[in-house]
file query28.cif (mmCIF, C-alpha atoms)
data_model
#
loop_
_atom_site.label_atom_id
_atom_site.label_comp_id
_atom_site.auth_asym_id
_atom_site.auth_seq_id
_atom_site.Cartn_x
_atom_site.Cartn_y
_atom_site.Cartn_z
CA MET L 1 4.51 87.26 177.75
CA MET L 2 3.43 86.57 174.15
CA MET L 3 5.90 84.42 172.21
CA GLN L 4 7.07 85.85 168.92
CA SER L 5 8.39 83.94 165.92
CA ASN L 6 10.72 85.22 163.23
CA GLU L 7 10.35 82.27 160.90
CA PHE L 8 7.61 84.12 158.98
CA ALA L 9 9.91 87.07 158.30
CA PRO L 10 12.52 86.14 155.65
CA GLU L 11 15.48 88.46 155.40
CA GLY L 12 14.70 91.66 153.50
CA SER L 13 10.91 91.45 153.78
CA GLY L 14 8.18 91.91 156.37
CA SER L 15 6.78 88.99 158.35
CA CYS L 16 3.52 87.30 157.37
CA GLY L 17 1.72 88.99 160.25
CA ALA L 18 3.09 92.41 159.39
CA ARG L 19 2.10 92.05 155.71
CA LEU L 20 -1.42 90.96 156.71
CA LYS L 21 -1.82 93.93 159.03
CA GLN L 22 -0.54 96.38 156.38
CA ALA L 23 -2.91 94.91 153.78
CA ARG L 24 -5.84 95.09 156.20
CA GLU L 25 -5.20 98.71 157.05
CA ALA L 26 -4.72 99.53 153.35
CA ALA L 27 -8.13 97.96 152.66
CA GLY L 28 -9.72 100.05 155.41
CA LEU L 29 -10.75 97.02 157.48
CA SER L 30 -10.70 96.70 161.23
CA VAL L 31 -9.72 93.57 163.16
CA GLU L 32 -13.41 93.03 163.94
CA ASP L 33 -14.29 93.27 160.23
CA VAL L 34 -11.74 90.57 159.36
CA ALA L 35 -12.93 88.36 162.25
CA ALA L 36 -16.56 88.64 161.10
CA ARG L 37 -15.77 87.85 157.43
CA LEU L 38 -13.47 84.92 158.25
CA LYS L 39 -15.77 83.70 161.06
CA MET L 40 -12.95 83.50 163.60
CA PRO L 41 -12.40 85.19 166.97
CA ALA L 42 -10.75 88.63 166.96
CA ARG L 43 -7.98 87.32 169.23
CA VAL L 44 -6.97 84.90 166.45
CA VAL L 45 -6.67 87.81 163.99
CA TYR L 46 -4.44 89.64 166.49
CA SER L 47 -2.29 86.50 166.92
CA LEU L 48 -1.89 86.11 163.15
CA GLU L 49 -0.83 89.73 162.74
CA ASN L 50 1.65 89.42 165.66
CA ASP L 51 3.06 86.08 164.38
CA ASP L 52 2.07 84.48 167.69
CA ILE L 53 1.98 80.95 166.26
CA ALA L 54 2.73 79.08 169.50
CA SER L 55 -0.60 80.03 171.08
CA MET L 56 -2.72 79.01 168.08
CA GLY L 57 -2.40 75.24 168.12
CA ALA L 58 -1.39 72.81 165.39
CA PRO L 59 0.49 74.18 162.35
CA VAL L 60 -2.11 72.78 159.96
CA PHE L 61 -4.78 75.06 161.45
CA VAL L 62 -2.44 78.07 161.46
CA ARG L 63 -1.60 77.51 157.78
CA GLY L 64 -5.28 77.47 156.84
CA GLN L 65 -6.05 80.63 158.81
CA LEU L 66 -3.10 82.49 157.26
CA ARG L 67 -4.18 81.54 153.74
CA SER L 68 -7.78 82.58 154.41
CA TYR L 69 -6.64 85.94 155.79
CA ALA L 70 -4.28 86.45 152.81
CA ARG L 71 -7.07 85.75 150.28
CA LEU L 72 -9.34 88.21 152.08
CA VAL L 73 -6.88 91.11 151.87
CA GLY L 74 -5.53 90.11 148.44
CA ILE L 75 -1.91 89.17 149.11
CA ASP L 76 0.13 86.00 148.43
CA LEU L 77 1.99 84.38 151.37
CA GLU L 78 2.85 81.04 149.75
CA SER L 79 6.49 81.92 149.11
CA GLN L 80 6.96 82.79 152.79
CA LEU L 81 4.98 79.78 154.11
CA SER L 82 6.87 77.19 152.05
CA GLY L 83 9.95 77.28 154.24
CA THR L 84 8.23 77.50 157.62
CA SER L 85 6.89 75.00 160.16
CA VAL L 86 3.34 75.52 158.86
CA ALA L 87 4.22 74.45 155.31
CA SER L 88 2.18 71.61 153.84
CA THR L 89 3.43 68.21 154.94
CA ALA L 90 2.76 64.84 153.43
CA PRO L 91 0.54 62.56 155.48
CA SER L 92 2.27 59.88 157.48
CA GLU L 93 2.58 56.57 155.72
CA LEU L 94 0.57 53.85 157.39
CA VAL L 95 2.56 50.68 157.91
CA SER L 96 0.78 47.49 158.79
CA HIS L 97 2.43 45.58 161.65
CA THR L 98 0.04 42.63 161.46
CA HIS L 99 0.49 40.83 158.17
CA THR L 100 -1.42 37.60 157.60
CA PRO L 101 0.14 35.21 155.06
CA ARG L 102 -2.03 34.35 152.07
CA TYR L 103 -2.00 30.61 152.78
CA ARG L 104 -3.38 31.29 156.26
CA ARG L 105 -6.22 33.42 154.88
CA VAL L 106 -7.10 30.70 152.36
CA PHE L 107 -7.02 28.06 155.11
CA GLU L 108 -9.32 30.11 157.35
CA GLN L 109 -11.78 30.73 154.51
CA THR L 110 -11.82 27.04 153.60
CA THR L 111 -12.34 26.05 157.23
CA ARG L 112 -15.28 28.42 157.63
CA ARG L 113 -16.91 27.06 154.45
CA ALA L 114 -16.39 23.47 155.60
CA VAL L 115 -18.00 24.21 158.96
CA TYR L 116 -20.95 25.84 157.21
CA ILE L 117 -21.41 22.82 154.91
CA VAL L 118 -21.22 20.36 157.83
CA MET L 119 -23.78 22.34 159.85
CA THR L 120 -26.12 22.57 156.85
CA ALA L 121 -25.85 18.82 156.23
CA ALA L 122 -26.46 18.06 159.92
CA ILE L 123 -29.76 19.95 159.72
CA ALA L 124 -30.91 19.01 156.22
CA VAL L 125 -30.08 15.27 156.13
CA PRO L 126 -32.31 14.23 159.08
CA ILE L 127 -35.19 16.24 157.61
CA TRP L 128 -34.72 14.57 154.22
CA ILE L 129 -34.60 11.10 155.80
CA ALA L 130 -37.70 11.80 157.84
CA THR L 131 -39.53 12.93 154.70
CA ARG L 132 -38.45 9.92 152.65
CA HIS L 133 -39.05 7.39 155.44
CA PRO L 134 -41.87 8.66 157.67
CA ALA L 135 -42.49 7.15 161.07
CA SER L 136 -45.79 5.75 159.78
CA ASN L 137 -43.90 2.76 158.33
CA SER L 138 -43.49 1.36 161.83
CA THR L 139 -47.22 1.76 162.35
CA VAL L 140 -47.89 -0.11 159.11
CA GLN L 141 -45.69 -2.99 160.21
CA SER L 142 -47.34 -3.20 163.63
CA LEU L 143 -50.77 -3.26 161.99
CA ASP L 144 -49.67 -6.04 159.62
CA MET L 145 -48.38 -8.09 162.56
CA ALA L 146 -51.65 -7.50 164.42
CA ALA L 147 -53.54 -8.75 161.38
CA VAL L 148 -51.46 -11.94 161.25
CA ALA L 149 -51.69 -12.59 165.00
CA PRO L 150 -55.39 -13.60 165.06
CA GLY L 151 -54.85 -16.13 162.23
CA THR L 152 -51.90 -17.63 164.06
CA ALA L 153 -53.93 -17.94 167.24
CA ASN L 154 -56.75 -19.63 165.30
CA THR L 155 -54.44 -22.25 163.74
CA ALA L 156 -52.90 -23.04 167.13
CA LEU L 157 -56.28 -23.21 168.88
CA PRO L 158 -57.32 -26.73 167.73
CA ALA L 159 -54.02 -28.22 168.97
CA ALA L 160 -54.48 -26.61 172.37
CA ARG L 161 -58.06 -27.80 172.91
CA PRO L 162 -57.29 -31.46 173.77
CA SER L 163 -54.97 -30.40 176.62
CA SER L 164 -57.24 -27.59 177.89
CA ALA L 165 -58.41 -27.96 181.47
CA THR L 166 -61.52 -25.85 180.83
CA PRO L 167 -64.67 -27.71 181.97
CA PRO L 168 -66.87 -28.96 179.11
CA GLN L 169 -69.80 -26.91 180.29
CA ARG L 170 -67.92 -23.65 179.57
CA THR L 171 -67.26 -24.43 175.95
CA PRO L 172 -70.76 -23.50 174.72
CA VAL L 173 -70.54 -20.24 176.66
CA THR L 174 -67.25 -19.29 174.95
CA ALA L 175 -68.65 -20.18 171.54
CA SER L 176 -71.68 -18.04 172.15
CA ILE L 177 -69.64 -15.05 173.32
CA MET L 178 -67.31 -14.87 170.28
CA PRO L 179 -69.99 -14.19 167.66
CA SER L 180 -71.70 -11.67 169.89
CA SER L 181 -68.38 -9.81 170.45
CA ALA L 182 -67.74 -9.67 166.73
CA ALA L 183 -71.26 -8.40 166.13
CA ALA L 184 -70.89 -5.77 168.86
CA ALA L 185 -67.54 -4.41 167.54
CA PRO L 186 -68.03 -0.70 166.69
CA ALA L 187 -67.88 0.25 163.04
CA LYS L 188 -65.05 2.51 161.97
CA THR L 189 -66.15 6.13 161.47
CA LEU L 190 -63.39 6.99 158.96
CA VAL L 191 -61.54 4.71 156.51
CA LEU L 192 -58.77 5.86 154.12
CA LYS L 193 -57.55 3.67 151.24
CA PHE L 194 -54.63 4.76 149.06
CA SER L 195 -54.08 3.92 145.38
CA GLY L 196 -51.01 6.18 145.08
CA ASP L 197 -48.67 8.39 147.10
CA SER L 198 -50.44 10.98 149.23
CA TRP L 199 -49.29 13.26 152.05
CA VAL L 200 -51.48 12.69 155.11
CA GLN L 201 -52.00 14.49 158.41
CA ILE L 202 -54.52 13.09 160.92
CA VAL L 203 -55.03 15.08 164.14
CA GLY L 204 -56.75 13.51 167.16
CA VAL L 205 -59.34 15.14 169.40
CA ASP L 206 -56.62 15.82 171.99
CA GLY L 207 -54.52 17.72 169.44
CA SER L 208 -51.95 14.94 168.94
CA LYS L 209 -50.95 13.82 165.44
CA LEU L 210 -52.21 10.30 164.86
CA GLU L 211 -50.63 10.14 161.40
CA GLU L 212 -48.30 12.42 159.45
CA GLY L 213 -46.27 11.53 156.39
CA ILE L 214 -46.53 10.03 152.92
CA LEU L 215 -48.63 6.89 152.47
CA GLY L 216 -48.35 4.86 149.28
CA ALA L 217 -50.52 2.63 147.11
CA GLY L 218 -52.13 -0.30 148.89
CA GLN L 219 -52.00 1.21 152.36
CA GLU L 220 -55.08 1.79 154.50
CA ARG L 221 -55.98 3.67 157.67
CA SER L 222 -59.16 3.47 159.78
CA TYR L 223 -60.32 5.33 162.87
CA GLY L 224 -63.14 4.87 165.34
CA PRO L 225 -65.83 7.30 166.57
CA GLY L 226 -64.54 10.30 168.51
CA GLU L 227 -60.91 9.51 167.62
CA VAL L 228 -60.21 12.05 164.83
CA ALA L 229 -60.63 15.83 164.97
CA SER L 230 -59.30 16.93 161.55
CA VAL L 231 -57.86 15.44 158.35
CA ARG L 232 -55.61 16.86 155.62
CA LEU L 233 -54.94 14.87 152.43
CA GLY L 234 -52.67 15.68 149.50
CA ASN L 235 -53.16 14.22 145.97
CA THR L 236 -56.82 13.53 146.67
CA ALA L 237 -57.16 11.59 143.41
CA ALA L 238 -55.11 8.78 145.00
CA VAL L 239 -57.26 8.52 148.17
CA GLU L 240 -60.61 6.76 148.68
CA VAL L 241 -62.41 7.95 151.82
CA SER L 242 -65.34 6.26 153.53
CA ALA L 243 -67.27 7.87 156.38
CA ALA L 244 -69.64 5.66 158.46
CA GLY L 245 -69.44 2.98 155.79
CA GLN L 246 -70.38 5.32 152.92
CA PRO L 247 -68.00 6.56 150.19
CA LEU L 248 -67.14 10.23 150.65
CA ASP L 249 -66.84 12.75 147.81
CA LEU L 250 -63.78 14.92 148.59
CA ALA L 251 -64.71 17.67 146.11
CA PRO L 252 -66.57 19.86 148.68
CA PHE L 253 -63.54 19.68 150.98
CA SER L 254 -60.78 20.07 148.34
CA ARG L 255 -58.79 23.00 147.10
CA ALA L 256 -55.78 22.77 144.76
CA ASN L 257 -55.80 18.94 145.03
CA VAL L 258 -55.66 19.14 148.85
CA ALA L 259 -58.63 18.06 150.97
CA ARG L 260 -59.17 19.38 154.49
CA PHE L 261 -62.11 18.59 156.76
CA THR L 262 -63.04 18.14 160.41
CA LEU L 263 -65.04 15.41 162.15
CA SER L 264 -67.55 16.12 164.90
CA SER L 265 -68.29 13.75 167.78
CA ASP L 266 -71.25 12.26 165.88
CA GLY L 267 -69.10 11.52 162.81
CA SER L 268 -70.35 14.36 160.58
CA LEU L 269 -67.79 16.11 158.34
CA ALA L 270 -67.26 19.81 157.69
CA PRO L 271 -64.71 21.65 155.52
CA VAL L 272 -61.91 23.60 157.19
CA SER L 273 -62.34 27.34 156.80
CA ASP L 274 -59.22 29.32 155.79
#
call {"tool": "encode", "arguments": {"input": "query28.cif", "output": "structure tokens"}}
result
Amino acid sequence: MMMQSNEFAPEGSGSCGARLKQAREAAGLSVEDVAARLKMPARVVYSLENDDIASMGAPVFVRGQLRSYARLVGIDLESQLSGTSVASTAPSELVSHTHTPRYRRVFEQTTRRAVYIVMTAAIAVPIWIATRHPASNSTVQSLDMAAVAPGTANTALPAARPSSATPPQRTPVTASIMPSSAAAAPAKTLVLKFSGDSWVQIVGVDGSKLEEGILGAGQERSYGPGEVASVRLGNTAAVEVSAAGQPLDLAPFSRANVARFTLSSDGSLAPVSD
């Protein structure tokens, strides 16, 4: 059985549904005409005219449908709707149940910034130190020590000769071997001498980096045949390069004050193509 409501029928006047039906019939419209114009099912139009509000859902939808129907047939239902359950209601006030104190928000923001700064420093500082103090310094020191070692051995050699148990007949053989070894030592294919700071990258034939970093004035690097595959030099004006004992002009291999070239197995040089 269809539920009826009398709340849309104030005393002394027709209900909202009855007024809508009377206005529709006075306008010569059928239920189907109203449904087509309002784009709603015909059963909804019947429910509105019969004040069957319970079967139509939430009051907010019913209120909108009643107003649309009233505008279509040219009547005003606002005075009747104002005191009913479908009258406009204020939206519910949202109350936050999770309030965070201001000092806590400030503390959390400060903590996040501190963590970000620490992480940035942990990444940037080692890179800066490595750039300012390249690993090539240890190589320079080892080369300096190697250069001093032969002189030290030579000064200690005379003192060791009187106590040597080597037979006298072997002494001429040793003396004859030393000059021949020095004469047979292979010449360095590539020699780099620095008169100022220059960024250097030397790549070996096996793809390993023989040198990478900044070398300063007074430093020198030399490499034997078949040892170097490619070379990159920054600030070419501060670098003197010799290949097979001959000074090398870096202009053919330079671009924007950076020289790049490769070495073949026979010691010939070629520029690096971009």
call {"tool": "atom_distance", "arguments": {"input": "query28.cif", "atom1": "CA of Pro247 (chain L)", "atom2": "CA of Lys209 (chain L)"}}
result
24.0 Å
call {"tool": "resolve_selection", "arguments": {"input": "query28.cif", "expression": "the PyMOL selection byres ((chain L and resi 264) around 12)", "output": "list in words"}}
result
Thr189, Leu190, Gly204, Val205, Pro225, Gly226, Glu227, Val228, Ala229, Ser230, Val231, Ala243, Phe261, Thr262, Leu263, Ser265, Asp266, Gly267, Ser268, Leu269, Ala270 and Pro271 of chain L
call {"tool": "closest_residue", "arguments": {"input": "query28.cif", "among": "L:Gly74, L:Pro126, L:Pro41, L:Gly57", "to": "Arg24 (chain L)", "atoms": "all atoms listed in the file"}}
result
L:Gly74
call {"tool": "atom_distance", "arguments": {"input": "query28.cif", "atom1": "CA of Ala237 (chain L)", "atom2": "CA of Gly207 (chain L)"}}
result
26.9 Å
call {"tool": "atom_distance", "arguments": {"input": "query28.cif", "atom1": "CA of Leu192 (chain L)", "atom2": "CA of Tyr223 (chain L)"}}
result
8.9 Å
call {"tool": "residues_around", "arguments": {"input": "query28.cif", "residues": "Ser195 (chain L)", "least_positions_apart": "4", "cutoff": "6 Å", "atoms": "only C-alpha atoms", "output": "VMD selection string"}}
result
chain L and resid 217 to 218 238
call {"tool": "residues_around", "arguments": {"input": "query28.cif", "residues": "Ser254 (chain L)", "least_positions_apart": "2", "cutoff": "10 Å", "atoms": "only C-alpha atoms", "output": "VMD selection string"}}
result
chain L and resid 232 to 236 249 to 252 256 to 261 271 to 272
call {"tool": "closest_residue", "arguments": {"input": "query28.cif", "among": "L:Arg19, L:Arg71, L:Arg105, L:Lys193", "to": "Arg221 (chain L)", "atoms": "all atoms listed in the file"}}
result
L:Lys193
call {"tool": "closest_residue", "arguments": {"input": "query28.cif", "among": "L:Leu77, L:Met40, L:Val203, L:Val45", "to": "Cys16 (chain L)", "atoms": "only C-alpha atoms"}}
result
L:Leu77
call {"tool": "closest_residue", "arguments": {"input": "query28.cif", "among": "L:Leu20, L:Ala121, L:Val44, L:Glu49", "to": "Phe61 (chain L)", "atoms": "all atoms listed in the file"}}
result
L:Val44
call {"tool": "residues_around", "arguments": {"input": "query28.cif", "residues": "Ala70 (chain L)", "least_positions_apart": "2", "cutoff": "12 Å", "atoms": "all atoms listed in the file", "output": "list of chain:residue names"}}
result
L:Cys16, L:Gly17, L:Ala18, L:Arg19, L:Leu20, L:Lys21, L:Gln22, L:Ala23, L:Arg24, L:Val34, L:Leu38, L:Val45, L:Leu48, L:Glu49, L:Arg63, L:Gly64, L:Gln65, L:Leu66, L:Arg67, L:Ser68, L:Leu72, L:Val73, L:Gly74, L:Ile75, L:Asp76, L:Leu77, L:Glu78, L:Gln80, L:Leu81
call {"tool": "axis_aligned_box", "arguments": {"input": "query28.cif", "around": "region 218-235 of chain L", "padding_each_side": "3 Å", "output": "AutoDock Vina command-line options"}}
result
--center_x -58.9 --center_y 8.3 --center_z 157.2 --size_x 19.8 --size_y 23.2 --size_z 28.5
call {"tool": "closest_residue", "arguments": {"input": "query28.cif", "among": "L:Glu220, L:Glu25, L:Glu32, L:Glu108", "to": "Phe194 (chain L)", "atoms": "all atoms listed in the file"}}
result
L:Glu220
call {"tool": "decode", "arguments": {"input": "query28.cif", "residues": "region 67-80 of chain L", "atoms": "all heavy atoms", "output": "PDB file, in the first residue's frame"}}
result
ATOM      1  N   ARG L  67      10.438  21.381  -6.843  1.00  0.00           N
ATOM      2  CA  ARG L  67      10.690  22.730  -7.356  1.00  0.00           C
ATOM      3  C   ARG L  67      10.734  22.739  -8.884  1.00  0.00           C
ATOM      4  O   ARG L  67      10.230  23.665  -9.527  1.00  0.00           O
ATOM      5  CB  ARG L  67      11.979  23.274  -6.767  1.00  0.00           C
ATOM      6  CG  ARG L  67      11.853  23.660  -5.303  1.00  0.00           C
ATOM      7  CD  ARG L  67      13.183  24.087  -4.729  1.00  0.00           C
ATOM      8  NE  ARG L  67      13.042  24.585  -3.358  1.00  0.00           N
ATOM      9  CZ  ARG L  67      14.053  24.894  -2.575  1.00  0.00           C
ATOM     10  NH1 ARG L  67      15.300  24.717  -3.009  1.00  0.00           N
ATOM     11  NH2 ARG L  67      13.841  25.366  -1.351  1.00  0.00           N
ATOM     12  N   SER L  68      11.349  21.703  -9.467  1.00  0.00           N
ATOM     13  CA  SER L  68      11.403  21.642 -10.929  1.00  0.00           C
ATOM     14  C   SER L  68       9.996  21.502 -11.514  1.00  0.00           C
ATOM     15  O   SER L  68       9.649  22.153 -12.516  1.00  0.00           O
ATOM     16  CB  SER L  68      12.272  20.456 -11.362  1.00  0.00           C
ATOM     17  OG  SER L  68      13.597  20.611 -10.921  1.00  0.00           O
ATOM     18  N   TYR L  69       9.204  20.652 -10.913  1.00  0.00           N
ATOM     19  CA  TYR L  69       7.816  20.449 -11.377  1.00  0.00           C
ATOM     20  C   TYR L  69       7.023  21.756 -11.236  1.00  0.00           C
ATOM     21  O   TYR L  69       6.272  22.159 -12.139  1.00  0.00           O
ATOM     22  CB  TYR L  69       7.186  19.324 -10.574  1.00  0.00           C
ATOM     23  CG  TYR L  69       5.922  18.741 -11.165  1.00  0.00           C
ATOM     24  CD1 TYR L  69       5.374  17.567 -10.638  1.00  0.00           C
ATOM     25  CD2 TYR L  69       5.265  19.360 -12.232  1.00  0.00           C
ATOM     26  CE1 TYR L  69       4.210  16.996 -11.179  1.00  0.00           C
ATOM     27  CE2 TYR L  69       4.119  18.811 -12.773  1.00  0.00           C
ATOM     28  CZ  TYR L  69       3.591  17.641 -12.249  1.00  0.00           C
ATOM     29  OH  TYR L  69       2.449  17.095 -12.786  1.00  0.00           O
ATOM     30  N   ALA L  70       7.191  22.443 -10.079  1.00  0.00           N
ATOM     31  CA  ALA L  70       6.457  23.689  -9.848  1.00  0.00           C
ATOM     32  C   ALA L  70       6.844  24.743 -10.874  1.00  0.00           C
ATOM     33  O   ALA L  70       5.983  25.484 -11.375  1.00  0.00           O
ATOM     34  CB  ALA L  70       6.725  24.183  -8.430  1.00  0.00           C
ATOM     35  N   ARG L  71       8.132  24.873 -11.217  1.00  0.00           N
ATOM     36  CA  ARG L  71       8.546  25.864 -12.215  1.00  0.00           C
ATOM     37  C   ARG L  71       7.947  25.535 -13.583  1.00  0.00           C
ATOM     38  O   ARG L  71       7.597  26.437 -14.351  1.00  0.00           O
ATOM     39  CB  ARG L  71      10.078  25.899 -12.317  1.00  0.00           C
ATOM     40  CG  ARG L  71      10.746  26.640 -11.175  1.00  0.00           C
ATOM     41  CD  ARG L  71      12.207  26.963 -11.504  1.00  0.00           C
ATOM     42  NE  ARG L  71      12.982  25.733 -11.702  1.00  0.00           N
ATOM     43  CZ  ARG L  71      13.640  25.102 -10.736  1.00  0.00           C
ATOM     44  NH1 ARG L  71      13.591  25.584  -9.485  1.00  0.00           N
ATOM     45  NH2 ARG L  71      14.313  24.002 -10.994  1.00  0.00           N
ATOM     46  N   LEU L  72       7.848  24.209 -13.883  1.00  0.00           N
ATOM     47  CA  LEU L  72       7.308  23.829 -15.184  1.00  0.00           C
ATOM     48  C   LEU L  72       5.847  24.243 -15.338  1.00  0.00           C
ATOM     49  O   LEU L  72       5.445  24.763 -16.396  1.00  0.00           O
ATOM     50  CB  LEU L  72       7.454  22.312 -15.361  1.00  0.00           C
ATOM     51  CG  LEU L  72       6.861  21.728 -16.649  1.00  0.00           C
ATOM     52  CD1 LEU L  72       7.604  22.253 -17.870  1.00  0.00           C
ATOM     53  CD2 LEU L  72       6.900  20.207 -16.626  1.00  0.00           C
ATOM     54  N   VAL L  73       5.064  24.053 -14.294  1.00  0.00           N
ATOM     55  CA  VAL L  73       3.626  24.363 -14.408  1.00  0.00           C
ATOM     56  C   VAL L  73       3.304  25.761 -13.898  1.00  0.00           C
ATOM     57  O   VAL L  73       2.129  26.171 -13.876  1.00  0.00           O
ATOM     58  CB  VAL L  73       2.793  23.312 -13.640  1.00  0.00           C
ATOM     59  CG1 VAL L  73       2.967  21.944 -14.286  1.00  0.00           C
ATOM     60  CG2 VAL L  73       3.181  23.256 -12.171  1.00  0.00           C
ATOM     61  N   GLY L  74       4.293  26.515 -13.442  1.00  0.00           N
ATOM     62  CA  GLY L  74       4.104  27.921 -13.101  1.00  0.00           C
ATOM     63  C   GLY L  74       3.439  28.194 -11.786  1.00  0.00           C
ATOM     64  O   GLY L  74       2.660  29.152 -11.666  1.00  0.00           O
ATOM     65  N   ILE L  75       3.746  27.397 -10.747  1.00  0.00           N
ATOM     66  CA  ILE L  75       3.204  27.685  -9.416  1.00  0.00           C
ATOM     67  C   ILE L  75       4.365  27.792  -8.434  1.00  0.00           C
ATOM     68  O   ILE L  75       5.486  27.382  -8.726  1.00  0.00           O
ATOM     69  CB  ILE L  75       2.209  26.599  -8.949  1.00  0.00           C
ATOM     70  CG1 ILE L  75       2.920  25.243  -8.836  1.00  0.00           C
ATOM     71  CG2 ILE L  75       1.022  26.518  -9.893  1.00  0.00           C
ATOM     72  CD1 ILE L  75       2.029  24.148  -8.268  1.00  0.00           C
ATOM     73  N   ASP L  76       4.076  28.358  -7.245  1.00  0.00           N
ATOM     74  CA  ASP L  76       5.095  28.564  -6.208  1.00  0.00           C
ATOM     75  C   ASP L  76       4.757  27.692  -5.001  1.00  0.00           C
ATOM     76  O   ASP L  76       3.697  27.867  -4.379  1.00  0.00           O
ATOM     77  CB  ASP L  76       5.134  30.037  -5.814  1.00  0.00           C
ATOM     78  CG  ASP L  76       6.244  30.313  -4.791  1.00  0.00           C
ATOM     79  OD1 ASP L  76       7.062  29.400  -4.545  1.00  0.00           O
ATOM     80  OD2 ASP L  76       6.295  31.444  -4.256  1.00  0.00           O
ATOM     81  N   LEU L  77       5.680  26.751  -4.662  1.00  0.00           N
ATOM     82  CA  LEU L  77       5.466  25.848  -3.523  1.00  0.00           C
ATOM     83  C   LEU L  77       6.364  26.176  -2.333  1.00  0.00           C
ATOM     84  O   LEU L  77       6.353  25.449  -1.337  1.00  0.00           O
ATOM     85  CB  LEU L  77       5.722  24.394  -3.948  1.00  0.00           C
ATOM     86  CG  LEU L  77       4.845  23.821  -5.058  1.00  0.00           C
ATOM     87  CD1 LEU L  77       5.272  22.389  -5.358  1.00  0.00           C
ATOM     88  CD2 LEU L  77       3.374  23.865  -4.664  1.00  0.00           C
ATOM     89  N   GLU L  78       7.135  27.246  -2.408  1.00  0.00           N
ATOM     90  CA  GLU L  78       8.121  27.524  -1.360  1.00  0.00           C
ATOM     91  C   GLU L  78       7.474  27.699   0.008  1.00  0.00           C
ATOM     92  O   GLU L  78       8.022  27.273   1.026  1.00  0.00           O
ATOM     93  CB  GLU L  78       8.954  28.758  -1.724  1.00  0.00           C
ATOM     94  CG  GLU L  78       9.854  28.581  -2.933  1.00  0.00           C
ATOM     95  CD  GLU L  78      10.853  27.453  -2.747  1.00  0.00           C
ATOM     96  OE1 GLU L  78      11.338  27.268  -1.603  1.00  0.00           O
ATOM     97  OE2 GLU L  78      11.150  26.753  -3.727  1.00  0.00           O
ATOM     98  N   SER L  79       6.322  28.368   0.061  1.00  0.00           N
ATOM     99  CA  SER L  79       5.683  28.608   1.356  1.00  0.00           C
ATOM    100  C   SER L  79       5.247  27.297   2.007  1.00  0.00           C
ATOM    101  O   SER L  79       5.258  27.162   3.234  1.00  0.00           O
ATOM    102  CB  SER L  79       4.485  29.544   1.183  1.00  0.00           C
ATOM    103  OG  SER L  79       3.540  28.964   0.275  1.00  0.00           O
ATOM    104  N   GLN L  80       4.871  26.304   1.178  1.00  0.00           N
ATOM    105  CA  GLN L  80       4.460  25.019   1.727  1.00  0.00           C
ATOM    106  C   GLN L  80       5.667  24.139   2.083  1.00  0.00           C
ATOM    107  O   GLN L  80       5.621  23.363   3.026  1.00  0.00           O
ATOM    108  CB  GLN L  80       3.560  24.277   0.720  1.00  0.00           C
ATOM    109  CG  GLN L  80       2.173  24.901   0.593  1.00  0.00           C
ATOM    110  CD  GLN L  80       1.310  24.130  -0.386  1.00  0.00           C
ATOM    111  OE1 GLN L  80       1.127  24.550  -1.517  1.00  0.00           O
ATOM    112  NE2 GLN L  80       0.761  23.009   0.063  1.00  0.00           N
TER     113      GLN L  80
END
